[in-house]
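Below is the file final.txt, which contains compact mmCIF, C-alpha atoms.
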# COMPACT_ATOMS: atom_id res chain seq x y z
CA ASN F 1 0.00 0.00 0.00
CA ALA F 2 2.82 2.43 0.87
CA MET F 3 4.54 1.87 -2.49
CA ILE F 4 1.31 2.27 -4.47
CA ALA F 5 0.57 5.45 -2.51
CA ALA F 6 4.05 6.78 -3.28
CA TYR F 7 3.51 6.30 -7.02
CA VAL F 8 0.07 7.96 -6.87
CA ARG F 9 1.40 10.85 -4.81
CA HIS F 10 4.06 11.58 -7.44
CA GLY F 11 1.69 11.28 -10.38
CA GLN F 12 3.09 7.95 -11.61
CA ASP F 13 -0.35 6.45 -12.20
CA LYS F 14 0.76 3.79 -14.67
CA GLU F 15 3.35 2.43 -12.27
CA ALA F 16 0.80 2.45 -9.43
CA PHE F 17 -1.65 0.41 -11.49
CA GLN F 18 1.03 -2.04 -12.58
CA LEU F 19 2.06 -2.57 -8.96
CA PHE F 20 -1.58 -3.09 -7.99
CA CYS F 21 -1.87 -5.83 -10.63
CA GLN F 22 1.47 -7.35 -9.59
CA MET F 23 0.32 -7.42 -5.99
CA GLN F 24 -2.65 -9.60 -6.91
CA LEU F 25 -0.63 -11.85 -9.22
CA GLN F 26 1.61 -12.62 -6.26
CA GLY F 27 -1.38 -13.61 -4.17
CA ARG F 28 -1.51 -10.47 -2.04
CA VAL F 29 -5.10 -9.52 -1.19
CA PRO F 30 -5.88 -5.81 -1.52
CA ASN F 31 -7.86 -4.25 1.31
CA LYS F 32 -10.08 -1.17 1.54
CA ILE F 33 -7.08 1.11 1.91
CA THR F 34 -5.46 -0.36 -1.21
CA PHE F 35 -8.56 0.33 -3.27
CA SER F 36 -9.00 3.84 -1.90
CA ILE F 37 -5.40 4.64 -2.84
CA ILE F 38 -5.34 3.08 -6.31
CA LEU F 39 -8.62 4.70 -7.35
CA ASN F 40 -6.92 8.07 -6.91
CA SER F 41 -4.64 7.16 -9.83
CA CYS F 42 -7.61 7.13 -12.21
CA SER F 43 -8.42 10.59 -13.51
CA GLY F 44 -9.42 11.41 -17.06
CA ASN F 45 -11.05 9.45 -19.89
CA LEU F 46 -7.91 7.43 -20.60
CA SER F 47 -8.02 5.99 -17.07
CA LEU F 48 -11.61 4.74 -17.30
CA PRO F 49 -10.73 1.14 -18.34
CA GLU F 50 -8.35 0.82 -15.38
CA GLY F 51 -10.98 2.36 -13.11
CA ARG F 52 -13.58 -0.15 -14.24
CA PHE F 53 -11.12 -3.00 -13.63
CA ILE F 54 -10.45 -1.77 -10.10
CA HIS F 55 -14.18 -1.37 -9.54
CA ALA F 56 -14.72 -4.99 -10.59
CA CYS F 57 -12.08 -6.10 -8.07
CA ILE F 58 -13.87 -4.09 -5.38
CA VAL F 59 -17.20 -5.75 -6.20
CA GLU F 60 -15.47 -9.14 -6.02
CA ARG F 61 -14.26 -8.30 -2.51
CA ALA F 62 -17.72 -6.97 -1.52
CA PHE F 63 -16.29 -3.55 -0.59
CA GLU F 64 -18.52 -1.45 -2.86
CA ALA F 65 -20.97 -0.49 -0.11
CA ASP F 66 -18.20 0.74 2.22
CA VAL F 67 -18.53 4.51 2.55
CA VAL F 68 -14.80 5.22 2.05
CA VAL F 69 -14.33 2.85 -0.89
CA GLY F 70 -17.70 3.75 -2.41
CA THR F 71 -16.88 7.44 -2.21
CA ALA F 72 -13.54 6.80 -3.91
CA ILE F 73 -15.40 5.01 -6.75
CA VAL F 74 -17.77 7.99 -7.13
CA ASP F 75 -14.77 10.33 -7.22
CA MET F 76 -13.00 8.14 -9.80
CA TYR F 77 -15.97 8.00 -12.18
CA GLY F 78 -16.50 11.73 -11.76
CA LYS F 79 -12.89 12.54 -12.65
CA CYS F 80 -13.09 10.16 -15.62
CA GLY F 81 -16.21 11.94 -16.90
CA ASN F 82 -18.60 9.02 -16.36
CA LEU F 83 -21.23 10.88 -14.36
CA GLU F 84 -23.91 8.25 -14.89
CA ASP F 85 -21.88 5.57 -13.09
CA ALA F 86 -20.76 8.10 -10.46
CA ARG F 87 -24.41 8.83 -9.66
CA ARG F 88 -25.37 5.15 -9.70
CA ILE F 89 -22.70 4.26 -7.13
CA PHE F 90 -23.54 7.34 -5.05
CA ASP F 91 -27.22 6.39 -4.94
CA HIS F 92 -26.37 2.87 -3.75
CA LEU F 93 -24.14 3.93 -0.86
CA ARG F 94 -25.72 2.70 2.35
CA GLN F 95 -24.10 5.53 4.25
CA ARG F 96 -22.94 8.93 3.00
CA ASN F 97 -20.66 11.41 4.70
CA VAL F 98 -19.74 14.93 3.66
CA VAL F 99 -16.86 13.55 1.56
CA SER F 100 -19.36 11.42 -0.40
CA TRP F 101 -21.55 14.43 -1.09
CA ASN F 102 -18.52 16.53 -2.03
CA ALA F 103 -17.41 13.86 -4.52
CA MET F 104 -20.79 13.96 -6.27
CA VAL F 105 -20.94 17.75 -6.27
CA ALA F 106 -17.38 17.87 -7.64
CA ALA F 107 -18.24 15.34 -10.38
CA HIS F 108 -20.80 17.76 -11.82
CA ALA F 109 -18.77 20.88 -11.06
CA GLN F 110 -15.65 19.58 -12.85
CA HIS F 111 -17.73 19.25 -16.00
CA GLY F 112 -19.40 22.68 -15.75
CA GLN F 113 -22.80 21.31 -14.72
CA ALA F 114 -23.69 24.03 -12.23
CA LYS F 115 -27.41 23.25 -12.12
CA LYS F 116 -26.86 19.55 -11.40
CA ALA F 117 -24.18 20.36 -8.82
CA LEU F 118 -26.69 22.65 -7.13
CA GLN F 119 -29.35 19.91 -7.24
CA VAL F 120 -26.99 17.54 -5.41
CA PHE F 121 -26.25 20.29 -2.91
CA GLN F 122 -29.97 20.84 -2.33
CA GLN F 123 -30.49 17.09 -1.87
CA MET F 124 -27.62 17.14 0.62
CA HIS F 125 -29.36 19.93 2.54
CA MET F 126 -32.72 18.11 2.51
CA GLU F 127 -31.13 14.94 3.91
CA GLY F 128 -29.58 16.86 6.78
CA ALA F 129 -25.93 16.61 5.70
CA ILE F 130 -23.85 19.63 6.69
CA PRO F 131 -21.72 21.17 3.91
CA ASN F 132 -18.15 22.27 4.56
CA ARG F 133 -15.73 24.62 2.82
CA VAL F 134 -14.84 21.99 0.23
CA THR F 135 -18.51 21.59 -0.69
CA PHE F 136 -18.82 25.29 -1.44
CA LEU F 137 -15.48 25.53 -3.23
CA ASN F 138 -16.50 22.63 -5.49
CA ILE F 139 -19.87 24.04 -6.41
CA LEU F 140 -18.58 27.59 -6.94
CA SER F 141 -16.05 26.23 -9.42
CA ALA F 142 -18.96 25.16 -11.66
CA CYS F 143 -20.36 28.70 -11.89
CA VAL F 144 -18.17 30.11 -14.63
CA SER F 145 -20.56 31.93 -16.99
CA SER F 146 -23.41 34.45 -16.87
CA SER F 147 -25.92 31.59 -17.19
CA ALA F 148 -24.79 30.28 -13.81
CA LEU F 149 -25.07 33.60 -11.94
CA ALA F 150 -28.40 32.72 -10.31
CA GLU F 151 -26.95 29.44 -8.99
CA GLY F 152 -23.86 31.28 -7.77
CA LYS F 153 -25.99 33.73 -5.80
CA GLN F 154 -27.92 30.86 -4.22
CA ILE F 155 -24.66 29.28 -3.09
CA HIS F 156 -23.48 32.64 -1.75
CA ALA F 157 -26.63 32.81 0.39
CA HIS F 158 -25.93 29.31 1.76
CA ILE F 159 -22.32 30.30 2.54
CA VAL F 160 -23.57 33.25 4.57
CA ALA F 161 -26.15 31.06 6.33
CA CYS F 162 -23.43 28.56 7.28
CA GLY F 163 -21.23 31.28 8.75
CA TYR F 164 -18.46 31.09 6.15
CA GLU F 165 -18.83 34.61 4.78
CA SER F 166 -15.60 35.86 6.36
CA ASP F 167 -13.55 32.86 5.16
CA PHE F 168 -10.97 34.38 2.82
CA VAL F 169 -10.61 31.22 0.66
CA LEU F 170 -14.34 31.13 0.02
CA GLY F 171 -14.33 34.91 -0.34
CA ASN F 172 -11.78 34.60 -3.13
CA ALA F 173 -13.86 31.82 -4.74
CA LEU F 174 -16.96 34.04 -4.61
CA LEU F 175 -15.00 36.94 -6.08
CA ASN F 176 -13.75 34.72 -8.88
CA MET F 177 -17.25 33.31 -9.50
CA TYR F 178 -18.88 36.74 -9.78
CA SER F 179 -16.09 37.93 -12.03
CA ASN F 180 -16.46 34.90 -14.33
CA CYS F 181 -20.23 35.38 -14.41
CA GLY F 182 -19.78 39.02 -15.46
CA SER F 183 -21.31 40.57 -12.34
CA LEU F 184 -18.68 43.14 -11.43
CA SER F 185 -20.85 44.89 -8.83
CA ASP F 186 -21.26 41.62 -6.92
CA ALA F 187 -17.54 40.94 -7.36
CA GLU F 188 -16.75 44.31 -5.77
CA THR F 189 -19.09 43.54 -2.85
CA ALA F 190 -17.44 40.13 -2.35
CA PHE F 191 -14.02 41.83 -2.48
CA ASP F 192 -15.06 44.35 0.17
CA ASN F 193 -16.34 41.55 2.44
CA ILE F 194 -13.07 39.61 2.46
CA PHE F 195 -11.51 40.27 5.86
CA GLU F 196 -8.04 39.01 4.97
CA LEU F 197 -7.16 40.22 1.49
CA ASN F 198 -4.25 38.44 -0.17
CA VAL F 199 -2.62 38.53 -3.60
CA VAL F 200 -5.27 36.15 -5.00
CA SER F 201 -8.01 38.61 -3.99
CA TRP F 202 -6.29 41.54 -5.69
CA ASN F 203 -5.52 39.54 -8.82
CA ALA F 204 -9.14 38.36 -9.17
Would you kindly transcribe this structure into structure tokens?
Amino acid sequence: NAMIAAYVRHGQDKEAFQLFCQMQLQGRVPNKITFSIILNSCSGNLSLPEGRFIHACIVERAFEADVVVGTAIVDMYGKCGNLEDARRIFDHLRQRNVVSWNAMVAAHAQHGQAKKALQVFQQMHMEGAIPNRVTFLNILSACVSSSALAEGKQIHAHIVACGYESDFVLGNALLNMYSNCGSLSDAETAFDNIFELNVVSWNA
């Protein structure tokens, strides 16, 4: 596990996958940690076949319903652009934590689907899950055009309601979102509300 993690950490995804396969050929049984690590090596369309293979191994070991492993599968399919499978796995998780919700929000956000990301966020709210900074950062990243301004403002209202308004990282994300959506007046307001201005704030 440590060696696979080292390869993944340094972006050597091919080597990580080869070691994962070698591990099994030598009769070593991967555990939940192994699968969580190796799934991180799968990002982008070219990694989808490897991701599906790993997923099949997970099903064989009956780990799919585990919240950590299941969330890693959702994240993998999201990064590989297979949102249908990401949603299917997400819906079948017996238990969801904030990381699970963030993975599903990010899956839509990474592909510019602001409305669907917001729908997942609203479902999260209805089911009583509490969003964190990562949730908001993920969903704000999907609001990158004037057509997403309404969604961006809804998220801004939720950020205020959750007490994150003075968070400078989220403040910068809001500033960037309003700027990308072409609402300079809202961008100026977000800029003025950032308590701890840094170079990112001024550049935005």
Revision key, fill the gap. One residue among F:Asn176, F:Asn102, F:Ser166, F:Gln123 is nearest to Ile139 in chain F when using all atoms listed in the file, and that residue is F:Asn102
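Computed from the coordinates, the CA of Asn172 in chain F to CA of Ala103 in chain F distance equals 21.5 Å.
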Show me, as an mmCIF file with C-alpha atoms, in the frame of the given file, the residues that have an atom within 8 Å of Val105 in chain F when counting only C-alpha atoms, minus same-chain residues fewer than 5 positions from it.
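Writing the result to result.cif gives the following:
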data_model
loop_
_atom_site.group_PDB
_atom_site.id
_atom_site.type_symbol
_atom_site.label_atom_id
_atom_site.label_comp_id
_atom_site.auth_asym_id
_atom_site.auth_seq_id
_atom_site.Cartn_x
_atom_site.Cartn_y
_atom_site.Cartn_z
ATOM 1 C CA ALA F 117 -24.180 20.360 -8.820
ATOM 2 C CA LEU F 118 -26.690 22.650 -7.130
ATOM 3 C CA VAL F 120 -26.990 17.540 -5.410
ATOM 4 C CA PHE F 121 -26.250 20.290 -2.910
ATOM 5 C CA THR F 135 -18.510 21.590 -0.690
ATOM 6 C CA ASN F 138 -16.500 22.630 -5.490
ATOM 7 C CA ILE F 139 -19.870 24.040 -6.410
#
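Between Ser47 in chain F and the residues F:Ser183, F:Ser145, F:Gln24, F:Asn82, the shortest atom-to-atom distance, using all atoms listed in the file, involves F:Asn82.
Atom pair CA of Glu50 in chain F / CA of Gln110 in chain F: separated by 20.3 Å.
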Point to revise | Contacts of Val99 in chain F within 10 Å, only C-alpha atoms, excl. fewer than 4 positions in-chain, as a PyMOL selection string | key: chain F and resi 67-68+71-72+75+103-105+131-132+134-135
Please produce a file of the residues just selected, as a short mmCIF file (atom, residue, chain, number, x, y, z; two decimals), keeping the file's coordinate frame, where the atoms kept are C-alpha atoms.
data_model
loop_
_atom_site.label_atom_id
_atom_site.label_comp_id
_atom_site.auth_asym_id
_atom_site.auth_seq_id
_atom_site.Cartn_x
_atom_site.Cartn_y
_atom_site.Cartn_z
CA VAL F 67 -18.53 4.51 2.55
CA VAL F 68 -14.80 5.22 2.05
CA THR F 71 -16.88 7.44 -2.21
CA ALA F 72 -13.54 6.80 -3.91
CA ASP F 75 -14.77 10.33 -7.22
CA ALA F 103 -17.41 13.86 -4.52
CA MET F 104 -20.79 13.96 -6.27
CA VAL F 105 -20.94 17.75 -6.27
CA PRO F 131 -21.72 21.17 3.91
CA ASN F 132 -18.15 22.27 4.56
CA VAL F 134 -14.84 21.99 0.23
CA THR F 135 -18.51 21.59 -0.69
#
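Between CA of Asp167 in chain F and CA of Met124 in chain F lies a distance of 21.6 Å.
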Per-axis box centre and lengths in Å around range 83-102 of chain F, 6 Å margin per side, axis-aligned, as AutoDock Vina command-line options:
--center_x -22.0 --center_y 9.6 --center_z -5.1 --size_x 22.4 --size_y 25.8 --size_z 31.6
Review point. How would you write as a VMD selection string the residues that get within 9 Å of (-6.9, 3.4, -3.7) in the file's frame, counting all atoms listed in the file?
Key: chain F and resid 1 4 to 5 8 32 to 41 54 69 72
**Study point:** Ser43 in chain F environment, 9 Å, all atoms listed in the file, sequence neighbours closer than 4 positions dropped, as a PyMOL selection string
**Key:** chain F and resi 39+47-48+51+75-81
Save range 17-45 of chain F to disk from that block, N, CA and C atoms included, as a PDB file, in the first residue's frame.
ATOM      1  N   PHE F  17      -0.718   1.438 -11.036  1.00  0.00           N
ATOM      2  CA  PHE F  17      -1.654   0.415 -11.493  1.00  0.00           C
ATOM      3  C   PHE F  17      -0.934  -0.912 -11.750  1.00  0.00           C
ATOM      4  N   GLN F  18       0.256  -0.828 -12.323  1.00  0.00           N
ATOM      5  CA  GLN F  18       1.033  -2.044 -12.577  1.00  0.00           C
ATOM      6  C   GLN F  18       1.383  -2.757 -11.269  1.00  0.00           C
ATOM      7  N   LEU F  19       1.728  -1.980 -10.256  1.00  0.00           N
ATOM      8  CA  LEU F  19       2.058  -2.567  -8.956  1.00  0.00           C
ATOM      9  C   LEU F  19       0.821  -3.192  -8.314  1.00  0.00           C
ATOM     10  N   PHE F  20      -0.321  -2.548  -8.503  1.00  0.00           N
ATOM     11  CA  PHE F  20      -1.581  -3.087  -7.991  1.00  0.00           C
ATOM     12  C   PHE F  20      -1.871  -4.451  -8.622  1.00  0.00           C
ATOM     13  N   CYS F  21      -1.652  -4.563  -9.936  1.00  0.00           N
ATOM     14  CA  CYS F  21      -1.868  -5.830 -10.635  1.00  0.00           C
ATOM     15  C   CYS F  21      -0.851  -6.879 -10.186  1.00  0.00           C
ATOM     16  N   GLN F  22       0.405  -6.446 -10.039  1.00  0.00           N
ATOM     17  CA  GLN F  22       1.471  -7.353  -9.592  1.00  0.00           C
ATOM     18  C   GLN F  22       1.175  -7.888  -8.197  1.00  0.00           C
ATOM     19  N   MET F  23       0.671  -7.038  -7.362  1.00  0.00           N
ATOM     20  CA  MET F  23       0.318  -7.416  -5.993  1.00  0.00           C
ATOM     21  C   MET F  23      -0.649  -8.602  -5.994  1.00  0.00           C
ATOM     22  N   GLN F  24      -1.643  -8.531  -6.858  1.00  0.00           N
ATOM     23  CA  GLN F  24      -2.651  -9.597  -6.908  1.00  0.00           C
ATOM     24  C   GLN F  24      -2.100 -10.866  -7.568  1.00  0.00           C
ATOM     25  N   LEU F  25      -1.241 -10.686  -8.574  1.00  0.00           N
ATOM     26  CA  LEU F  25      -0.632 -11.849  -9.225  1.00  0.00           C
ATOM     27  C   LEU F  25       0.214 -12.649  -8.253  1.00  0.00           C
ATOM     28  N   GLN F  26       0.774 -11.960  -7.270  1.00  0.00           N
ATOM     29  CA  GLN F  26       1.610 -12.618  -6.261  1.00  0.00           C
ATOM     30  C   GLN F  26       0.798 -13.121  -5.073  1.00  0.00           C
ATOM     31  N   GLY F  27      -0.521 -13.063  -5.206  1.00  0.00           N
ATOM     32  CA  GLY F  27      -1.382 -13.613  -4.168  1.00  0.00           C
ATOM     33  C   GLY F  27      -1.647 -12.703  -2.993  1.00  0.00           C
ATOM     34  N   ARG F  28      -1.243 -11.432  -3.112  1.00  0.00           N
ATOM     35  CA  ARG F  28      -1.512 -10.473  -2.038  1.00  0.00           C
ATOM     36  C   ARG F  28      -2.946  -9.955  -2.202  1.00  0.00           C
ATOM     37  N   VAL F  29      -3.695  -9.934  -1.124  1.00  0.00           N
ATOM     38  CA  VAL F  29      -5.101  -9.524  -1.194  1.00  0.00           C
ATOM     39  C   VAL F  29      -5.230  -8.040  -0.861  1.00  0.00           C
ATOM     40  N   PRO F  30      -5.702  -7.240  -1.813  1.00  0.00           N
ATOM     41  CA  PRO F  30      -5.881  -5.813  -1.525  1.00  0.00           C
ATOM     42  C   PRO F  30      -6.993  -5.591  -0.506  1.00  0.00           C
ATOM     43  N   ASN F  31      -6.829  -4.576   0.326  1.00  0.00           N
ATOM     44  CA  ASN F  31      -7.855  -4.248   1.306  1.00  0.00           C
ATOM     45  C   ASN F  31      -8.516  -2.914   0.943  1.00  0.00           C
ATOM     46  N   LYS F  32      -9.349  -2.406   1.827  1.00  0.00           N
ATOM     47  CA  LYS F  32     -10.079  -1.171   1.541  1.00  0.00           C
ATOM     48  C   LYS F  32      -9.134   0.001   1.311  1.00  0.00           C
ATOM     49  N   ILE F  33      -8.050   0.026   2.057  1.00  0.00           N
ATOM     50  CA  ILE F  33      -7.079   1.112   1.910  1.00  0.00           C
ATOM     51  C   ILE F  33      -6.412   1.036   0.540  1.00  0.00           C
ATOM     52  N   THR F  34      -6.071  -0.176   0.109  1.00  0.00           N
ATOM     53  CA  THR F  34      -5.461  -0.357  -1.215  1.00  0.00           C
ATOM     54  C   THR F  34      -6.355   0.232  -2.293  1.00  0.00           C
ATOM     55  N   PHE F  35      -7.623  -0.132  -2.238  1.00  0.00           N
ATOM     56  CA  PHE F  35      -8.561   0.328  -3.268  1.00  0.00           C
ATOM     57  C   PHE F  35      -8.759   1.840  -3.225  1.00  0.00           C
ATOM     58  N   SER F  36      -8.838   2.391  -2.027  1.00  0.00           N
ATOM     59  CA  SER F  36      -9.002   3.844  -1.904  1.00  0.00           C
ATOM     60  C   SER F  36      -7.811   4.582  -2.499  1.00  0.00           C
ATOM     61  N   ILE F  37      -6.615   4.023  -2.315  1.00  0.00           N
ATOM     62  CA  ILE F  37      -5.401   4.636  -2.843  1.00  0.00           C
ATOM     63  C   ILE F  37      -5.336   4.516  -4.365  1.00  0.00           C
ATOM     64  N   ILE F  38      -5.526   3.306  -4.882  1.00  0.00           N
ATOM     65  CA  ILE F  38      -5.337   3.079  -6.311  1.00  0.00           C
ATOM     66  C   ILE F  38      -6.392   3.800  -7.146  1.00  0.00           C
ATOM     67  N   LEU F  39      -7.583   3.982  -6.599  1.00  0.00           N
ATOM     68  CA  LEU F  39      -8.620   4.703  -7.346  1.00  0.00           C
ATOM     69  C   LEU F  39      -8.221   6.148  -7.600  1.00  0.00           C
ATOM     70  N   ASN F  40      -7.384   6.698  -6.726  1.00  0.00           N
ATOM     71  CA  ASN F  40      -6.916   8.072  -6.914  1.00  0.00           C
ATOM     72  C   ASN F  40      -6.011   8.222  -8.134  1.00  0.00           C
ATOM     73  N   SER F  41      -5.512   7.097  -8.651  1.00  0.00           N
ATOM     74  CA  SER F  41      -4.638   7.163  -9.831  1.00  0.00           C
ATOM     75  C   SER F  41      -5.440   7.273 -11.121  1.00  0.00           C
ATOM     76  N   CYS F  42      -6.747   7.115 -11.021  1.00  0.00           N
ATOM     77  CA  CYS F  42      -7.609   7.126 -12.209  1.00  0.00           C
ATOM     78  C   CYS F  42      -8.291   8.478 -12.350  1.00  0.00           C
ATOM     79  N   SER F  43      -7.802   9.298 -13.253  1.00  0.00           N
ATOM     80  CA  SER F  43      -8.421  10.588 -13.506  1.00  0.00           C
ATOM     81  C   SER F  43      -8.285  10.917 -14.984  1.00  0.00           C
ATOM     82  N   GLY F  44      -9.424  11.150 -15.631  1.00  0.00           N
ATOM     83  CA  GLY F  44      -9.421  11.411 -17.062  1.00  0.00           C
ATOM     84  C   GLY F  44      -9.955  10.217 -17.841  1.00  0.00           C
ATOM     85  N   ASN F  45     -10.423  10.497 -19.070  1.00  0.00           N
ATOM     86  CA  ASN F  45     -11.054   9.454 -19.886  1.00  0.00           C
ATOM     87  C   ASN F  45     -10.141   8.264 -20.147  1.00  0.00           C
TER      88      ASN F  45
END
